[in-house]
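As provided, input.cif (mmCIF, N, CA and C atoms) reads as follows.
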data_structure
#
loop_
_atom_site.label_atom_id
_atom_site.label_comp_id
_atom_site.auth_asym_id
_atom_site.auth_seq_id
_atom_site.Cartn_x
_atom_site.Cartn_y
_atom_site.Cartn_z
N MET A 1 -14.21 -6.61 -76.56
CA MET A 1 -13.09 -6.33 -75.67
C MET A 1 -12.23 -5.25 -76.31
N THR A 2 -11.81 -4.30 -75.53
CA THR A 2 -11.05 -3.18 -76.09
C THR A 2 -9.55 -3.36 -75.84
N ALA A 3 -8.78 -2.58 -76.59
CA ALA A 3 -7.33 -2.57 -76.41
C ALA A 3 -6.97 -2.16 -74.99
N ARG A 4 -7.73 -1.23 -74.44
CA ARG A 4 -7.45 -0.76 -73.09
C ARG A 4 -7.59 -1.88 -72.06
N VAL A 5 -8.64 -2.69 -72.18
CA VAL A 5 -8.86 -3.80 -71.25
C VAL A 5 -7.72 -4.82 -71.37
N LEU A 6 -7.33 -5.13 -72.61
CA LEU A 6 -6.23 -6.08 -72.82
C LEU A 6 -4.92 -5.52 -72.26
N ALA A 7 -4.68 -4.24 -72.48
CA ALA A 7 -3.47 -3.61 -71.95
C ALA A 7 -3.46 -3.64 -70.43
N LEU A 8 -4.60 -3.40 -69.82
CA LEU A 8 -4.69 -3.47 -68.36
C LEU A 8 -4.38 -4.89 -67.85
N ALA A 9 -4.93 -5.89 -68.51
CA ALA A 9 -4.71 -7.28 -68.09
C ALA A 9 -3.24 -7.67 -68.19
N VAL A 10 -2.62 -7.37 -69.33
CA VAL A 10 -1.21 -7.72 -69.50
C VAL A 10 -0.34 -6.86 -68.58
N GLY A 11 -0.70 -5.60 -68.41
CA GLY A 11 0.04 -4.72 -67.50
C GLY A 11 0.04 -5.24 -66.08
N ILE A 12 -1.10 -5.69 -65.62
CA ILE A 12 -1.19 -6.25 -64.26
C ILE A 12 -0.33 -7.51 -64.16
N PHE A 13 -0.39 -8.37 -65.18
CA PHE A 13 0.44 -9.57 -65.17
C PHE A 13 1.92 -9.21 -65.06
N TYR A 14 2.39 -8.30 -65.91
CA TYR A 14 3.81 -7.93 -65.89
C TYR A 14 4.18 -7.25 -64.57
N LEU A 15 3.31 -6.43 -64.05
CA LEU A 15 3.59 -5.75 -62.78
C LEU A 15 3.72 -6.76 -61.64
N LEU A 16 2.80 -7.72 -61.58
CA LEU A 16 2.84 -8.72 -60.52
C LEU A 16 4.02 -9.68 -60.66
N SER A 17 4.26 -10.19 -61.86
CA SER A 17 5.37 -11.13 -62.04
C SER A 17 6.71 -10.42 -61.87
N GLY A 18 6.81 -9.20 -62.34
CA GLY A 18 8.05 -8.44 -62.16
C GLY A 18 8.29 -8.09 -60.70
N GLY A 19 7.23 -7.71 -60.00
CA GLY A 19 7.37 -7.43 -58.57
C GLY A 19 7.81 -8.66 -57.81
N TRP A 20 7.27 -9.80 -58.20
CA TRP A 20 7.65 -11.07 -57.56
C TRP A 20 9.14 -11.35 -57.78
N ALA A 21 9.60 -11.22 -59.03
CA ALA A 21 11.01 -11.48 -59.33
C ALA A 21 11.93 -10.51 -58.60
N PHE A 22 11.50 -9.25 -58.50
CA PHE A 22 12.35 -8.24 -57.87
C PHE A 22 12.34 -8.34 -56.35
N LEU A 23 11.15 -8.49 -55.77
CA LEU A 23 11.03 -8.47 -54.31
C LEU A 23 11.28 -9.82 -53.64
N PHE A 24 10.95 -10.90 -54.33
CA PHE A 24 11.08 -12.25 -53.77
C PHE A 24 11.78 -13.16 -54.78
N PRO A 25 13.04 -12.84 -55.12
CA PRO A 25 13.72 -13.55 -56.19
C PRO A 25 13.91 -15.04 -55.94
N THR A 26 14.11 -15.46 -54.70
CA THR A 26 14.30 -16.89 -54.47
C THR A 26 13.02 -17.68 -54.76
N GLY A 27 11.87 -17.13 -54.41
CA GLY A 27 10.60 -17.78 -54.72
C GLY A 27 10.35 -17.82 -56.21
N PHE A 28 10.62 -16.71 -56.90
CA PHE A 28 10.46 -16.65 -58.35
C PHE A 28 11.39 -17.66 -59.02
N TYR A 29 12.62 -17.73 -58.53
CA TYR A 29 13.60 -18.66 -59.09
C TYR A 29 13.14 -20.11 -58.90
N SER A 30 12.68 -20.46 -57.73
CA SER A 30 12.34 -21.86 -57.46
C SER A 30 11.11 -22.33 -58.23
N ILE A 31 10.21 -21.41 -58.57
CA ILE A 31 8.98 -21.82 -59.26
C ILE A 31 9.02 -21.54 -60.76
N VAL A 32 9.58 -20.40 -61.14
CA VAL A 32 9.49 -19.96 -62.53
C VAL A 32 10.80 -20.05 -63.29
N ALA A 33 11.86 -19.58 -62.71
CA ALA A 33 13.11 -19.39 -63.45
C ALA A 33 14.26 -20.20 -62.87
N ASN A 34 14.07 -21.48 -62.71
CA ASN A 34 15.06 -22.31 -62.04
C ASN A 34 16.19 -22.77 -62.97
N PHE A 35 16.80 -21.79 -63.63
CA PHE A 35 17.98 -22.04 -64.45
C PHE A 35 19.21 -21.89 -63.57
N THR A 36 20.11 -22.84 -63.67
CA THR A 36 21.33 -22.72 -62.89
C THR A 36 22.39 -21.97 -63.69
N PRO A 37 23.26 -21.24 -63.03
CA PRO A 37 23.28 -21.02 -61.60
C PRO A 37 22.33 -19.89 -61.20
N TYR A 38 21.92 -19.90 -59.96
CA TYR A 38 21.08 -18.85 -59.41
C TYR A 38 21.83 -17.53 -59.54
N ASN A 39 21.15 -16.50 -60.04
CA ASN A 39 21.78 -15.20 -60.23
C ASN A 39 20.84 -14.12 -59.72
N LEU A 40 21.07 -13.68 -58.51
CA LEU A 40 20.21 -12.70 -57.86
C LEU A 40 20.10 -11.41 -58.67
N HIS A 41 21.22 -10.93 -59.16
CA HIS A 41 21.19 -9.67 -59.91
C HIS A 41 20.36 -9.80 -61.19
N LEU A 42 20.49 -10.92 -61.88
CA LEU A 42 19.70 -11.13 -63.10
C LEU A 42 18.20 -11.14 -62.77
N LEU A 43 17.82 -11.79 -61.69
CA LEU A 43 16.41 -11.81 -61.30
C LEU A 43 15.92 -10.41 -60.93
N HIS A 44 16.75 -9.63 -60.26
CA HIS A 44 16.39 -8.24 -59.97
C HIS A 44 16.20 -7.45 -61.26
N ASP A 45 17.12 -7.64 -62.21
CA ASP A 45 17.01 -6.94 -63.50
C ASP A 45 15.73 -7.32 -64.23
N VAL A 46 15.46 -8.62 -64.31
CA VAL A 46 14.25 -9.10 -64.99
C VAL A 46 13.01 -8.50 -64.32
N GLY A 47 12.98 -8.54 -63.01
CA GLY A 47 11.85 -7.98 -62.28
C GLY A 47 11.68 -6.49 -62.54
N ALA A 48 12.79 -5.77 -62.52
CA ALA A 48 12.73 -4.32 -62.74
C ALA A 48 12.16 -4.00 -64.12
N PHE A 49 12.62 -4.70 -65.13
CA PHE A 49 12.12 -4.43 -66.48
C PHE A 49 10.66 -4.84 -66.65
N GLN A 50 10.25 -5.94 -66.04
CA GLN A 50 8.85 -6.34 -66.14
C GLN A 50 7.95 -5.35 -65.40
N VAL A 51 8.39 -4.84 -64.27
CA VAL A 51 7.61 -3.81 -63.57
C VAL A 51 7.49 -2.58 -64.46
N GLY A 52 8.58 -2.23 -65.14
CA GLY A 52 8.53 -1.08 -66.06
C GLY A 52 7.56 -1.28 -67.19
N LEU A 53 7.56 -2.47 -67.79
CA LEU A 53 6.62 -2.77 -68.88
C LEU A 53 5.18 -2.72 -68.38
N GLY A 54 4.94 -3.33 -67.25
CA GLY A 54 3.59 -3.34 -66.68
C GLY A 54 3.11 -1.95 -66.33
N THR A 55 3.99 -1.15 -65.73
CA THR A 55 3.63 0.21 -65.36
C THR A 55 3.32 1.06 -66.59
N ALA A 56 4.12 0.90 -67.64
CA ALA A 56 3.87 1.65 -68.88
C ALA A 56 2.51 1.28 -69.47
N LEU A 57 2.20 -0.01 -69.51
CA LEU A 57 0.90 -0.44 -70.03
C LEU A 57 -0.25 0.10 -69.19
N LEU A 58 -0.12 0.00 -67.88
CA LEU A 58 -1.20 0.48 -67.00
C LEU A 58 -1.37 1.99 -67.11
N ALA A 59 -0.28 2.72 -67.14
CA ALA A 59 -0.36 4.18 -67.23
C ALA A 59 -1.02 4.62 -68.53
N ALA A 60 -0.62 4.01 -69.64
CA ALA A 60 -1.20 4.38 -70.93
C ALA A 60 -2.67 3.98 -71.00
N ALA A 61 -3.01 2.81 -70.48
CA ALA A 61 -4.40 2.35 -70.52
C ALA A 61 -5.29 3.22 -69.64
N LEU A 62 -4.80 3.59 -68.48
CA LEU A 62 -5.61 4.42 -67.57
C LEU A 62 -5.72 5.86 -68.06
N ALA A 63 -4.65 6.37 -68.69
CA ALA A 63 -4.68 7.74 -69.21
C ALA A 63 -5.51 7.84 -70.48
N GLY A 64 -5.60 6.71 -71.21
CA GLY A 64 -6.38 6.72 -72.44
C GLY A 64 -5.67 7.38 -73.60
N ARG A 65 -4.37 7.64 -73.45
CA ARG A 65 -3.60 8.26 -74.53
C ARG A 65 -2.30 7.50 -74.72
N GLY A 66 -1.82 7.48 -75.93
CA GLY A 66 -0.52 6.90 -76.22
C GLY A 66 -0.44 5.40 -76.05
N LEU A 67 -1.55 4.72 -76.22
CA LEU A 67 -1.56 3.28 -75.98
C LEU A 67 -0.84 2.51 -77.09
N ALA A 68 -0.97 2.92 -78.34
CA ALA A 68 -0.37 2.18 -79.45
C ALA A 68 1.15 2.07 -79.34
N PRO A 69 1.89 3.15 -79.08
CA PRO A 69 3.35 3.01 -78.96
C PRO A 69 3.77 2.11 -77.80
N ILE A 70 3.06 2.17 -76.70
CA ILE A 70 3.37 1.32 -75.55
C ILE A 70 3.10 -0.14 -75.90
N LEU A 71 1.96 -0.41 -76.52
CA LEU A 71 1.64 -1.78 -76.93
C LEU A 71 2.69 -2.32 -77.89
N PHE A 72 3.12 -1.49 -78.82
CA PHE A 72 4.13 -1.92 -79.79
C PHE A 72 5.44 -2.27 -79.09
N GLY A 73 5.88 -1.43 -78.16
CA GLY A 73 7.12 -1.67 -77.43
C GLY A 73 7.06 -2.92 -76.57
N VAL A 74 5.97 -3.10 -75.84
CA VAL A 74 5.82 -4.28 -74.99
C VAL A 74 5.67 -5.53 -75.84
N LEU A 75 5.00 -5.43 -76.97
CA LEU A 75 4.89 -6.56 -77.89
C LEU A 75 6.28 -6.96 -78.40
N ALA A 76 7.10 -5.98 -78.77
CA ALA A 76 8.45 -6.29 -79.25
C ALA A 76 9.24 -7.04 -78.18
N GLY A 77 9.20 -6.54 -76.94
CA GLY A 77 9.90 -7.23 -75.86
C GLY A 77 9.35 -8.62 -75.61
N SER A 78 8.04 -8.77 -75.70
CA SER A 78 7.40 -10.07 -75.47
C SER A 78 7.74 -11.07 -76.57
N LEU A 79 7.82 -10.60 -77.81
CA LEU A 79 8.21 -11.49 -78.91
C LEU A 79 9.66 -11.93 -78.78
N LEU A 80 10.53 -11.02 -78.35
CA LEU A 80 11.93 -11.40 -78.12
C LEU A 80 12.04 -12.37 -76.95
N HIS A 81 11.23 -12.18 -75.94
CA HIS A 81 11.21 -13.10 -74.80
C HIS A 81 10.80 -14.50 -75.27
N LEU A 82 9.75 -14.57 -76.09
CA LEU A 82 9.32 -15.85 -76.65
C LEU A 82 10.44 -16.46 -77.50
N ALA A 83 11.07 -15.65 -78.34
CA ALA A 83 12.16 -16.14 -79.19
C ALA A 83 13.31 -16.69 -78.34
N SER A 84 13.63 -16.02 -77.25
CA SER A 84 14.72 -16.51 -76.40
C SER A 84 14.39 -17.87 -75.79
N HIS A 85 13.11 -18.09 -75.46
CA HIS A 85 12.72 -19.39 -74.93
C HIS A 85 12.80 -20.48 -75.99
N VAL A 86 12.47 -20.14 -77.23
CA VAL A 86 12.58 -21.12 -78.32
C VAL A 86 14.05 -21.43 -78.59
N ILE A 87 14.88 -20.39 -78.68
CA ILE A 87 16.31 -20.56 -78.95
C ILE A 87 16.99 -21.36 -77.83
N ASP A 88 16.63 -21.07 -76.59
CA ASP A 88 17.29 -21.66 -75.43
C ASP A 88 16.52 -22.83 -74.83
N ILE A 89 15.65 -23.46 -75.59
CA ILE A 89 14.78 -24.51 -75.04
C ILE A 89 15.59 -25.65 -74.42
N ARG A 90 16.76 -25.91 -74.93
CA ARG A 90 17.58 -27.01 -74.40
C ARG A 90 18.22 -26.66 -73.06
N LEU A 91 18.15 -25.41 -72.63
CA LEU A 91 18.79 -25.00 -71.39
C LEU A 91 17.91 -25.21 -70.16
N GLY A 92 16.69 -25.64 -70.37
CA GLY A 92 15.82 -25.90 -69.23
C GLY A 92 14.56 -25.06 -69.28
N GLY A 93 14.01 -24.81 -68.12
CA GLY A 93 12.76 -24.08 -68.06
C GLY A 93 11.59 -25.04 -68.06
N HIS A 94 10.47 -24.55 -68.51
CA HIS A 94 9.23 -25.33 -68.54
C HIS A 94 8.61 -25.19 -69.94
N PRO A 95 9.20 -25.83 -70.96
CA PRO A 95 8.73 -25.64 -72.34
C PRO A 95 7.24 -25.92 -72.53
N ALA A 96 6.70 -26.89 -71.83
CA ALA A 96 5.29 -27.25 -72.02
C ALA A 96 4.35 -26.14 -71.58
N THR A 97 4.78 -25.30 -70.65
CA THR A 97 3.92 -24.20 -70.19
C THR A 97 4.45 -22.84 -70.64
N ASP A 98 5.80 -22.68 -70.68
CA ASP A 98 6.37 -21.39 -71.04
C ASP A 98 6.00 -20.96 -72.45
N LEU A 99 6.19 -21.87 -73.41
CA LEU A 99 5.95 -21.50 -74.81
C LEU A 99 4.49 -21.13 -75.07
N PRO A 100 3.51 -21.92 -74.61
CA PRO A 100 2.12 -21.50 -74.82
C PRO A 100 1.78 -20.20 -74.09
N ALA A 101 2.28 -20.03 -72.88
CA ALA A 101 1.97 -18.82 -72.11
C ALA A 101 2.57 -17.58 -72.77
N LEU A 102 3.81 -17.68 -73.21
CA LEU A 102 4.45 -16.53 -73.86
C LEU A 102 3.83 -16.24 -75.22
N THR A 103 3.42 -17.29 -75.93
CA THR A 103 2.73 -17.09 -77.21
C THR A 103 1.38 -16.40 -76.98
N LEU A 104 0.66 -16.84 -75.96
CA LEU A 104 -0.62 -16.20 -75.62
C LEU A 104 -0.42 -14.73 -75.27
N MET A 105 0.61 -14.43 -74.47
CA MET A 105 0.88 -13.04 -74.09
C MET A 105 1.14 -12.19 -75.33
N ALA A 106 1.95 -12.69 -76.25
CA ALA A 106 2.24 -11.95 -77.48
C ALA A 106 0.99 -11.79 -78.33
N ALA A 107 0.17 -12.83 -78.39
CA ALA A 107 -1.07 -12.74 -79.18
C ALA A 107 -2.04 -11.72 -78.59
N VAL A 108 -2.15 -11.68 -77.28
CA VAL A 108 -3.04 -10.69 -76.64
C VAL A 108 -2.53 -9.28 -76.91
N LEU A 109 -1.23 -9.09 -76.81
CA LEU A 109 -0.67 -7.77 -77.11
C LEU A 109 -0.87 -7.38 -78.57
N MET A 110 -0.71 -8.34 -79.48
CA MET A 110 -0.93 -8.07 -80.90
C MET A 110 -2.38 -7.70 -81.16
N LEU A 111 -3.30 -8.44 -80.55
CA LEU A 111 -4.72 -8.12 -80.69
C LEU A 111 -5.01 -6.73 -80.16
N ALA A 112 -4.47 -6.41 -78.99
CA ALA A 112 -4.69 -5.09 -78.41
C ALA A 112 -4.15 -4.00 -79.32
N LEU A 113 -2.97 -4.22 -79.88
CA LEU A 113 -2.38 -3.23 -80.79
C LEU A 113 -3.24 -3.06 -82.04
N LEU A 114 -3.69 -4.16 -82.62
CA LEU A 114 -4.56 -4.06 -83.81
C LEU A 114 -5.87 -3.35 -83.50
N LEU A 115 -6.46 -3.65 -82.34
CA LEU A 115 -7.70 -2.97 -81.94
C LEU A 115 -7.47 -1.47 -81.75
N GLU A 116 -6.36 -1.14 -81.13
CA GLU A 116 -6.05 0.28 -80.90
C GLU A 116 -5.79 1.01 -82.20
N LEU A 117 -5.04 0.41 -83.11
CA LEU A 117 -4.77 1.05 -84.40
C LEU A 117 -6.05 1.19 -85.22
N ARG A 118 -6.89 0.20 -85.15
CA ARG A 118 -8.18 0.25 -85.87
C ARG A 118 -9.07 1.34 -85.30
N ARG A 119 -9.08 1.47 -83.98
CA ARG A 119 -9.90 2.49 -83.32
C ARG A 119 -9.43 3.89 -83.68
N ARG A 120 -8.14 4.06 -83.84
CA ARG A 120 -7.57 5.38 -84.08
C ARG A 120 -7.59 5.77 -85.55
N ARG A 121 -7.84 4.80 -86.45
CA ARG A 121 -7.82 5.08 -87.89
C ARG A 121 -9.01 5.95 -88.25
N PRO A 122 -8.77 7.01 -89.01
CA PRO A 122 -9.90 7.84 -89.43
C PRO A 122 -10.82 7.06 -90.35
N GLU A 123 -12.10 7.35 -90.22
CA GLU A 123 -13.08 6.67 -91.07
C GLU A 123 -12.89 7.11 -92.51
N SER A 124 -12.96 6.13 -93.41
CA SER A 124 -12.84 6.47 -94.84
C SER A 124 -14.23 6.87 -95.32
N ARG A 125 -14.23 7.90 -96.12
CA ARG A 125 -15.50 8.41 -96.64
C ARG A 125 -15.54 8.19 -98.15
N PRO A 126 -16.72 7.83 -98.65
CA PRO A 126 -16.85 7.59 -100.10
C PRO A 126 -16.71 8.83 -100.93
#
Target encoding C-alpha cells, full file:
Amino acid sequence: MTARVLALAVGIFYLLSGGWAFLFPTGFYSIVANFTPYNLHLLHDVGAFQVGLGTALLAAALAGRGLAPILFGVLAGSLLHLASHVIDIRLGGHPATDLPALTLMAAVLMLALLLELRRRRPESRP
C-alpha cells in the first residue's frame, strides 16, 4: 500500500465528514457531535476545516507532488484532534468509538508519511 492510496482514503473521509458537518450540521450534530449546547457556527467551522484538509490530501495525492508536507500538516491536526478528545473525555462524545477511530486515523496518516519519506529518500550507495 502506498502513501498516495492512504492519503486518498483519509482525504475522502475528511472531505465527506467535513461536507456533512458543513452542509447538514443538524444531522452531524445528532449523530457525531452531540455536545451541548448546539452551535451551528462551530459545526460550520469544523466542516470547513475538514473539507480543507481532505481537499489538500486529495489534491496532493492526485498530483503526485508535495505529499509529505500535506501529510505532516494533516497528521498534526489529527493528533491535536485526538488529544482534545482525550483531554475533554468527561464532556461527552462517544469515547468507546471516537478514541479508537481518531487513533486509527492518526496511525494511517503516520504510516503514509513514513512511506512517503522513505520513498523520497535517496538510495544510499556503498
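Closest approach to Gly11 in chain A from the set A:Gly54, A:Gly93, A:Gly64, A:Pro100 is made by A:Gly54, with distances taken over all atoms listed in the file.
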> Expanded to explicit residues, what is the PyMOL selection byres ((chain A and resi 113-119) around 8) for this file, as a ChimeraX atom specification?
Replying inline: /A:1-4,6-7,67-72,107-112,120-123
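Distance check against Thr55 in chain A using only N, CA and C atoms: of A:Ile31, A:Leu91, A:Leu23, A:Val10, the minimum falls on A:Val10.
The point (10.7, -2.7, -63.7) has these residues within 12 Å of it when only C-alpha atoms are used: Gly11, Tyr14, Leu15, Leu16, Ser17, Gly18, Gly19, Trp20, Ala21, Phe22, Leu23, Leu43, His44, Asp45, Val46, Gly47, Ala48, Phe49, Gln50, Val51, Gly52, Leu53, Gly54, Thr55, Ala56 and Leu57 of chain A.
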Dump N, CA and C atoms for the selected residues as a PDB file, keeping the file's coordinate frame?
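After the write, part.pdb holds the following:
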ATOM      1  N   GLY A  11      -0.700  -5.600 -68.410  1.00  0.00           N
ATOM      2  CA  GLY A  11       0.040  -4.720 -67.500  1.00  0.00           C
ATOM      3  C   GLY A  11       0.040  -5.240 -66.080  1.00  0.00           C
ATOM      4  N   TYR A  14       2.390  -8.300 -65.910  1.00  0.00           N
ATOM      5  CA  TYR A  14       3.810  -7.930 -65.890  1.00  0.00           C
ATOM      6  C   TYR A  14       4.180  -7.250 -64.570  1.00  0.00           C
ATOM      7  N   LEU A  15       3.310  -6.430 -64.050  1.00  0.00           N
ATOM      8  CA  LEU A  15       3.590  -5.750 -62.780  1.00  0.00           C
ATOM      9  C   LEU A  15       3.720  -6.760 -61.640  1.00  0.00           C
ATOM     10  N   LEU A  16       2.800  -7.720 -61.580  1.00  0.00           N
ATOM     11  CA  LEU A  16       2.840  -8.720 -60.520  1.00  0.00           C
ATOM     12  C   LEU A  16       4.020  -9.680 -60.660  1.00  0.00           C
ATOM     13  N   SER A  17       4.260 -10.190 -61.860  1.00  0.00           N
ATOM     14  CA  SER A  17       5.370 -11.130 -62.040  1.00  0.00           C
ATOM     15  C   SER A  17       6.710 -10.420 -61.870  1.00  0.00           C
ATOM     16  N   GLY A  18       6.810  -9.200 -62.340  1.00  0.00           N
ATOM     17  CA  GLY A  18       8.050  -8.440 -62.160  1.00  0.00           C
ATOM     18  C   GLY A  18       8.290  -8.090 -60.700  1.00  0.00           C
ATOM     19  N   GLY A  19       7.230  -7.710 -60.000  1.00  0.00           N
ATOM     20  CA  GLY A  19       7.370  -7.430 -58.570  1.00  0.00           C
ATOM     21  C   GLY A  19       7.810  -8.660 -57.810  1.00  0.00           C
ATOM     22  N   TRP A  20       7.270  -9.800 -58.200  1.00  0.00           N
ATOM     23  CA  TRP A  20       7.650 -11.070 -57.560  1.00  0.00           C
ATOM     24  C   TRP A  20       9.140 -11.350 -57.780  1.00  0.00           C
ATOM     25  N   ALA A  21       9.600 -11.220 -59.030  1.00  0.00           N
ATOM     26  CA  ALA A  21      11.010 -11.480 -59.330  1.00  0.00           C
ATOM     27  C   ALA A  21      11.930 -10.510 -58.600  1.00  0.00           C
ATOM     28  N   PHE A  22      11.500  -9.250 -58.500  1.00  0.00           N
ATOM     29  CA  PHE A  22      12.350  -8.240 -57.870  1.00  0.00           C
ATOM     30  C   PHE A  22      12.340  -8.340 -56.350  1.00  0.00           C
ATOM     31  N   LEU A  23      11.150  -8.490 -55.770  1.00  0.00           N
ATOM     32  CA  LEU A  23      11.030  -8.470 -54.310  1.00  0.00           C
ATOM     33  C   LEU A  23      11.280  -9.820 -53.640  1.00  0.00           C
ATOM     34  N   LEU A  43      17.820 -11.790 -61.690  1.00  0.00           N
ATOM     35  CA  LEU A  43      16.410 -11.810 -61.300  1.00  0.00           C
ATOM     36  C   LEU A  43      15.920 -10.410 -60.930  1.00  0.00           C
ATOM     37  N   HIS A  44      16.750  -9.630 -60.260  1.00  0.00           N
ATOM     38  CA  HIS A  44      16.390  -8.240 -59.970  1.00  0.00           C
ATOM     39  C   HIS A  44      16.200  -7.450 -61.260  1.00  0.00           C
ATOM     40  N   ASP A  45      17.120  -7.640 -62.210  1.00  0.00           N
ATOM     41  CA  ASP A  45      17.010  -6.940 -63.500  1.00  0.00           C
ATOM     42  C   ASP A  45      15.730  -7.320 -64.230  1.00  0.00           C
ATOM     43  N   VAL A  46      15.460  -8.620 -64.310  1.00  0.00           N
ATOM     44  CA  VAL A  46      14.250  -9.100 -64.990  1.00  0.00           C
ATOM     45  C   VAL A  46      13.010  -8.500 -64.320  1.00  0.00           C
ATOM     46  N   GLY A  47      12.980  -8.540 -63.010  1.00  0.00           N
ATOM     47  CA  GLY A  47      11.850  -7.980 -62.280  1.00  0.00           C
ATOM     48  C   GLY A  47      11.680  -6.490 -62.540  1.00  0.00           C
ATOM     49  N   ALA A  48      12.790  -5.770 -62.520  1.00  0.00           N
ATOM     50  CA  ALA A  48      12.730  -4.320 -62.740  1.00  0.00           C
ATOM     51  C   ALA A  48      12.160  -4.000 -64.120  1.00  0.00           C
ATOM     52  N   PHE A  49      12.620  -4.700 -65.130  1.00  0.00           N
ATOM     53  CA  PHE A  49      12.120  -4.430 -66.480  1.00  0.00           C
ATOM     54  C   PHE A  49      10.660  -4.840 -66.650  1.00  0.00           C
ATOM     55  N   GLN A  50      10.250  -5.940 -66.040  1.00  0.00           N
ATOM     56  CA  GLN A  50       8.850  -6.340 -66.140  1.00  0.00           C
ATOM     57  C   GLN A  50       7.950  -5.350 -65.400  1.00  0.00           C
ATOM     58  N   VAL A  51       8.390  -4.840 -64.270  1.00  0.00           N
ATOM     59  CA  VAL A  51       7.610  -3.810 -63.570  1.00  0.00           C
ATOM     60  C   VAL A  51       7.490  -2.580 -64.460  1.00  0.00           C
ATOM     61  N   GLY A  52       8.580  -2.230 -65.140  1.00  0.00           N
ATOM     62  CA  GLY A  52       8.530  -1.080 -66.060  1.00  0.00           C
ATOM     63  C   GLY A  52       7.560  -1.280 -67.190  1.00  0.00           C
ATOM     64  N   LEU A  53       7.560  -2.470 -67.790  1.00  0.00           N
ATOM     65  CA  LEU A  53       6.620  -2.770 -68.880  1.00  0.00           C
ATOM     66  C   LEU A  53       5.180  -2.720 -68.380  1.00  0.00           C
ATOM     67  N   GLY A  54       4.940  -3.330 -67.250  1.00  0.00           N
ATOM     68  CA  GLY A  54       3.590  -3.340 -66.680  1.00  0.00           C
ATOM     69  C   GLY A  54       3.110  -1.950 -66.330  1.00  0.00           C
ATOM     70  N   THR A  55       3.990  -1.150 -65.730  1.00  0.00           N
ATOM     71  CA  THR A  55       3.630   0.210 -65.360  1.00  0.00           C
ATOM     72  C   THR A  55       3.320   1.060 -66.590  1.00  0.00           C
ATOM     73  N   ALA A  56       4.120   0.900 -67.640  1.00  0.00           N
ATOM     74  CA  ALA A  56       3.870   1.650 -68.880  1.00  0.00           C
ATOM     75  C   ALA A  56       2.510   1.280 -69.470  1.00  0.00           C
ATOM     76  N   LEU A  57       2.200  -0.010 -69.510  1.00  0.00           N
ATOM     77  CA  LEU A  57       0.900  -0.440 -70.030  1.00  0.00           C
ATOM     78  C   LEU A  57      -0.250   0.100 -69.190  1.00  0.00           C
TER      79      LEU A  57
END
>> Neighbouring residues of Thr97 in chain A were defined as those with any atom within 12 Å, considering only C-alpha atoms; residues of the same chain fewer than 6 positions away were excluded. Please report them as a VMD selection string.
In response: chain A and resid 32 82 85 89 103 to 104
Write out the residues from the selection above, keeping N, CA and C atoms, as a PDB file, in the frame of the given file.
ATOM      1  N   VAL A  32       9.580 -20.400 -61.140  1.00  0.00           N
ATOM      2  CA  VAL A  32       9.490 -19.960 -62.530  1.00  0.00           C
ATOM      3  C   VAL A  32      10.800 -20.050 -63.290  1.00  0.00           C
ATOM      4  N   LEU A  82       9.750 -14.570 -76.090  1.00  0.00           N
ATOM      5  CA  LEU A  82       9.320 -15.850 -76.650  1.00  0.00           C
ATOM      6  C   LEU A  82      10.440 -16.460 -77.500  1.00  0.00           C
ATOM      7  N   HIS A  85      13.110 -18.090 -75.460  1.00  0.00           N
ATOM      8  CA  HIS A  85      12.720 -19.390 -74.930  1.00  0.00           C
ATOM      9  C   HIS A  85      12.800 -20.480 -75.990  1.00  0.00           C
ATOM     10  N   ILE A  89      15.650 -23.460 -75.590  1.00  0.00           N
ATOM     11  CA  ILE A  89      14.780 -24.510 -75.040  1.00  0.00           C
ATOM     12  C   ILE A  89      15.590 -25.650 -74.420  1.00  0.00           C
ATOM     13  N   THR A 103       3.420 -17.290 -75.930  1.00  0.00           N
ATOM     14  CA  THR A 103       2.730 -17.090 -77.210  1.00  0.00           C
ATOM     15  C   THR A 103       1.380 -16.400 -76.980  1.00  0.00           C
ATOM     16  N   LEU A 104       0.660 -16.840 -75.960  1.00  0.00           N
ATOM     17  CA  LEU A 104      -0.620 -16.200 -75.620  1.00  0.00           C
ATOM     18  C   LEU A 104      -0.420 -14.730 -75.270  1.00  0.00           C
TER      19      LEU A 104
END
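Taking CA of His41 in chain A and atom N of His81 in chain A as endpoints, the distance between them is 19.0 Å.
Residue nearest His94 in chain A, chosen from A:Gly27, A:Leu40, A:Ala33, A:Leu8 and counting all atoms listed in the file: A:Ala33.
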Listed atoms of range 96-103 of chain A boxed along x, y and z, 6 Å each side, centre and edge lengths in Å, one decimal, as lines of an AutoDock Vina configuration file:
center_x = 4.0
center_y = -21.7
center_z = -73.7
size_x = 17.3
size_y = 23.0
size_z = 19.0
> What is the distance, in Å and to one decimal place, between atom N of Gly92 in chain A and atom C of Ala9 in chain A?
Replying inline: 26.9 Å
>> When DSSP is applied to the backbone of this structure, which of chain A are assigned alpha helix (DSSP H)? Write them out as an MDAnalysis selection string.
In response: chainID A and resid 3:23 25:31 40:63 67:87 95:120
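The spacing separating atom N of Ala76 in chain A from CA of Ala106 in chain A amounts to 7.8 Å.
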